[in-house]
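Before any comments, here is the structure.
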Amino acid sequence: MTEQTNHNEAGEVAPSTDSPEATDIPTSNAPDPKAANSDTSPNAAKTTTAPPKREQPAAAAKAADGEKPTAKAAKKEKPPAVEDKPFSEFIQQYYLPALQKAVAQEGVKDLQISFVKQPVPIKGMEQLGECWQVVGNFADGVRHFNLYFPDEDIQGKKAFSCNEGKRPSTLESFLIDERKTTLDLLVYGLMQRLNGQKWLGRN
């Protein structure tokens with residue numbers, strides 16, 4: 001009776017060794033929980049959280065792939081100046097209409113104007129041969145003028161002659177001091193020359 005009681009009491013005091021019990025003693029197979037949870041321990045596993053990826057703009061993405069980003073607004077190419085047009089096209093499509101309009105604004109309503117290649121109509125200058133000329137007449141065909149382009153180039157040499165009722169006798173240089181001839185300058189120069197003859201309506 002006494003031995004059985006002692007045995008039962010011992011069983012209550014000392015646990016049975018038949019089933020494993022967890023202890024606080026660290027083993028070689030498990031990390032120290034304190035060390036694993038420590039933020040400062042060198043043995044703690046370091047974990048990092050990758051920052052969220054930013055979406056690249058389309059232009060930057062193309063640049064990264066080796067493609068050049070396209071410009072939002074491509075610069076418009078300037079159209080060529082009318083003075084850069086072929087000589088004949090410039091005279092017929094731009095100069096003659098502009099000259100006709102300028103002369104009409106001065107009160108001349110019957111200007112007849114043409115663009116022809118013919119000999120210089122001045123006595124003693126037949127050796128010059130043919131050249132392109134702007135030929136005009138008005139005041140019932142009495143007043144005539146010729147603008148010569150021997151180089152077939154508005155930037156080249158130019159000459160002028162005029163007559164009233166008879167053949168011209170003098171060939172004058174025209175716009176020789178200008179570095180670059182423009183449409184406006186060609187119109188202005190001829191208008192000034194006709195005005196010098198007192199052929200325009202305001203004289």
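Every chain in the structure tokens takes a letter, A first, then B, and so on in the order presented; its residues are numbered from 1, and the ligands are numbered from 1 following the presented order.
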Would you write out, as a Markdown table, a table of all residues in stretch 65-168 of chain A that have an atom no more than 12 Å from an atom of stretch 188-203 of chain A, listing for each the closest atom pair and the distance in Å to one decimal, considering only C-alpha atoms and ordering rows by chain and rising residue number?
```
| residue | atom | partner | partner_atom | distance |
| --- | --- | --- | --- | --- |
| A:Tyr95 | CA | A:Leu190 | CA | 11.1 |
| A:Leu96 | CA | A:Leu190 | CA | 11.6 |
| A:Ala98 | CA | A:Tyr188 | CA | 10.2 |
| A:Leu99 | CA | A:Met191 | CA | 8.2 |
| A:Gln100 | CA | A:Met191 | CA | 10.5 |
| A:Lys101 | CA | A:Met191 | CA | 11.1 |
| A:Ala102 | CA | A:Met191 | CA | 7.7 |
| A:Val103 | CA | A:Met191 | CA | 7.4 |
| A:Ala104 | CA | A:Gly201 | CA | 9.3 |
| A:Gln105 | CA | A:Gly201 | CA | 9.0 |
| A:Glu106 | CA | A:Gly201 | CA | 5.4 |
| A:Gly107 | CA | A:Gly201 | CA | 4.9 |
| A:Val108 | CA | A:Gly201 | CA | 6.4 |
| A:Lys109 | CA | A:Gly201 | CA | 9.8 |
| A:Asp110 | CA | A:Leu200 | CA | 11.9 |
| A:Leu111 | CA | A:Leu200 | CA | 11.1 |
| A:Val134 | CA | A:Leu190 | CA | 10.7 |
| A:Val135 | CA | A:Leu190 | CA | 11.8 |
| A:Gly136 | CA | A:Leu194 | CA | 11.0 |
| A:Asn137 | CA | A:Trp199 | CA | 10.9 |
| A:Phe138 | CA | A:Trp199 | CA | 9.4 |
| A:Ala139 | CA | A:Trp199 | CA | 8.9 |
| A:Val142 | CA | A:Trp199 | CA | 10.7 |
| A:Arg143 | CA | A:Trp199 | CA | 8.0 |
| A:His144 | CA | A:Leu194 | CA | 10.0 |
| A:Phe145 | CA | A:Leu194 | CA | 8.4 |
| A:Asn146 | CA | A:Leu190 | CA | 9.8 |
| A:Leu147 | CA | A:Leu190 | CA | 8.3 |
| A:Tyr148 | CA | A:Leu190 | CA | 11.5 |
| A:Lys158 | CA | A:Gly189 | CA | 11.3 |
| A:Ala159 | CA | A:Leu190 | CA | 10.6 |
| A:Phe160 | CA | A:Leu190 | CA | 8.6 |
| A:Ser161 | CA | A:Arg193 | CA | 9.7 |
| A:Cys162 | CA | A:Leu194 | CA | 8.7 |
| A:Asn163 | CA | A:Gln197 | CA | 9.6 |
| A:Glu164 | CA | A:Trp199 | CA | 9.8 |
```
With N, CA and C atoms retained, export the selected residues as a compact mmCIF listing (two decimals), in the first residue's frame.
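The resulting again.txt:
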```
# COMPACT_ATOMS: atom_id res chain seq x y z
N TYR A 95 6.08 86.99 -110.81
CA TYR A 95 6.47 88.38 -111.11
C TYR A 95 5.45 89.10 -111.97
N LEU A 96 5.02 88.50 -113.05
CA LEU A 96 4.07 89.20 -113.95
C LEU A 96 2.76 89.55 -113.24
N ALA A 98 2.28 90.06 -110.03
CA ALA A 98 2.57 91.08 -109.02
C ALA A 98 2.80 92.44 -109.67
N LEU A 99 3.48 92.45 -110.82
CA LEU A 99 3.73 93.70 -111.53
C LEU A 99 2.44 94.27 -112.09
N GLN A 100 1.61 93.43 -112.65
CA GLN A 100 0.32 93.87 -113.20
C GLN A 100 -0.53 94.53 -112.11
N LYS A 101 -0.54 93.93 -110.94
CA LYS A 101 -1.32 94.46 -109.82
C LYS A 101 -0.76 95.80 -109.35
N ALA A 102 0.56 95.91 -109.25
CA ALA A 102 1.19 97.15 -108.77
C ALA A 102 0.94 98.30 -109.73
N VAL A 103 1.03 98.03 -111.04
CA VAL A 103 0.80 99.08 -112.03
C VAL A 103 -0.67 99.51 -112.03
N ALA A 104 -1.58 98.56 -111.87
CA ALA A 104 -3.00 98.89 -111.82
C ALA A 104 -3.33 99.77 -110.63
N GLN A 105 -2.64 99.53 -109.50
CA GLN A 105 -2.88 100.35 -108.31
C GLN A 105 -2.42 101.79 -108.51
N GLU A 106 -1.59 102.02 -109.53
CA GLU A 106 -1.14 103.38 -109.84
C GLU A 106 -2.02 104.05 -110.90
N GLY A 107 -3.12 103.42 -111.22
CA GLY A 107 -4.06 104.04 -112.14
C GLY A 107 -3.93 103.59 -113.59
N VAL A 108 -2.98 102.70 -113.88
CA VAL A 108 -2.82 102.21 -115.26
C VAL A 108 -3.69 100.97 -115.44
N LYS A 109 -4.67 101.08 -116.32
CA LYS A 109 -5.64 100.00 -116.47
C LYS A 109 -5.42 99.17 -117.74
N ASP A 110 -4.58 99.61 -118.65
CA ASP A 110 -4.46 98.91 -119.94
C ASP A 110 -3.06 98.32 -120.17
N LEU A 111 -2.40 97.94 -119.10
CA LEU A 111 -1.05 97.37 -119.26
C LEU A 111 -1.12 96.02 -119.96
N VAL A 134 10.97 90.81 -120.02
CA VAL A 134 9.60 91.16 -119.65
C VAL A 134 9.27 92.42 -120.45
N VAL A 135 8.29 92.30 -121.32
CA VAL A 135 7.95 93.40 -122.23
C VAL A 135 6.57 93.92 -121.86
N GLY A 136 6.46 95.24 -121.69
CA GLY A 136 5.17 95.84 -121.34
C GLY A 136 4.89 97.08 -122.16
N ASN A 137 3.62 97.34 -122.37
CA ASN A 137 3.22 98.59 -123.02
C ASN A 137 1.84 98.98 -122.51
N PHE A 138 1.59 100.27 -122.47
CA PHE A 138 0.30 100.78 -122.03
C PHE A 138 0.12 102.18 -122.60
N ALA A 139 -0.91 102.88 -122.18
CA ALA A 139 -1.26 104.19 -122.75
C ALA A 139 -1.49 104.04 -124.25
N VAL A 142 1.55 103.30 -126.56
CA VAL A 142 2.57 104.32 -126.84
C VAL A 142 3.79 104.14 -125.94
N ARG A 143 3.57 103.79 -124.71
CA ARG A 143 4.68 103.66 -123.76
C ARG A 143 5.11 102.20 -123.66
N HIS A 144 6.39 101.98 -123.88
CA HIS A 144 6.95 100.63 -123.88
C HIS A 144 8.10 100.54 -122.87
N PHE A 145 8.23 99.39 -122.29
CA PHE A 145 9.42 99.13 -121.45
C PHE A 145 9.84 97.67 -121.60
N ASN A 146 11.12 97.43 -121.40
CA ASN A 146 11.68 96.08 -121.46
C ASN A 146 12.58 95.87 -120.24
N LEU A 147 12.42 94.75 -119.62
CA LEU A 147 13.29 94.35 -118.52
C LEU A 147 14.03 93.09 -118.97
N TYR A 148 15.38 93.14 -119.01
CA TYR A 148 16.19 92.08 -119.61
C TYR A 148 16.83 91.19 -118.54
N LYS A 158 20.90 92.25 -114.91
CA LYS A 158 19.59 92.70 -115.38
C LYS A 158 19.75 94.08 -116.01
N ALA A 159 18.89 94.37 -116.99
CA ALA A 159 18.95 95.67 -117.66
C ALA A 159 17.54 96.15 -117.96
N PHE A 160 17.44 97.44 -118.29
CA PHE A 160 16.13 98.07 -118.52
C PHE A 160 16.24 99.04 -119.68
N SER A 161 15.16 99.11 -120.45
CA SER A 161 15.06 100.14 -121.48
C SER A 161 13.60 100.55 -121.60
N CYS A 162 13.37 101.75 -122.08
CA CYS A 162 11.99 102.22 -122.29
C CYS A 162 11.97 103.19 -123.45
N ASN A 163 10.81 103.34 -124.00
CA ASN A 163 10.66 104.29 -125.10
C ASN A 163 9.20 104.71 -125.19
N GLU A 164 8.99 105.85 -125.82
CA GLU A 164 7.64 106.39 -125.96
C GLU A 164 7.46 106.81 -127.42
```
Could you write out, as JSON, numbers by chain, all the residues of stretch 138-175 of chain A that DSSP marks as strand (DSSP E)? {"A": [138, 143, 144, 145, 146, 147, 148, 149, 159, 160, 161, 162, 163, 164, 172, 173]}
Would you kindly return, as a PyMOL selection string, each protein, DNA or RNA residue with an atom no farther than 9 Å from any atom of A:Gly129, considering only C-alpha atoms and excluding same-chain residues fewer than 2 positions away? chain A and resi 118-120+125-127+131
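Distances here use only C-alpha atoms; by that measure, the residue among A:Ser114, A:Thr181, A:Ser173, A:Gln93 closest to A:Trp132 is A:Ser114.
The two atoms in question, atom CA of A:Gly124 and atom CA of A:Gln112, are spaced 26.6 Å apart.
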Shell around A:Glu178 at 12 Å using only C-alpha atoms, local window under 4 positions removed, as a VMD selection string: chain A and resid 154 to 158 173 to 174 182 185 to 186 189
Could you jot down the atom CA of A:Asp177 to atom CA of A:Lys78 separation for me, Å, one decimal place? 28.2 Å
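The space separating atom CA of A:Ile122 from atom CA of A:Ser169 comes to 5.7 Å.
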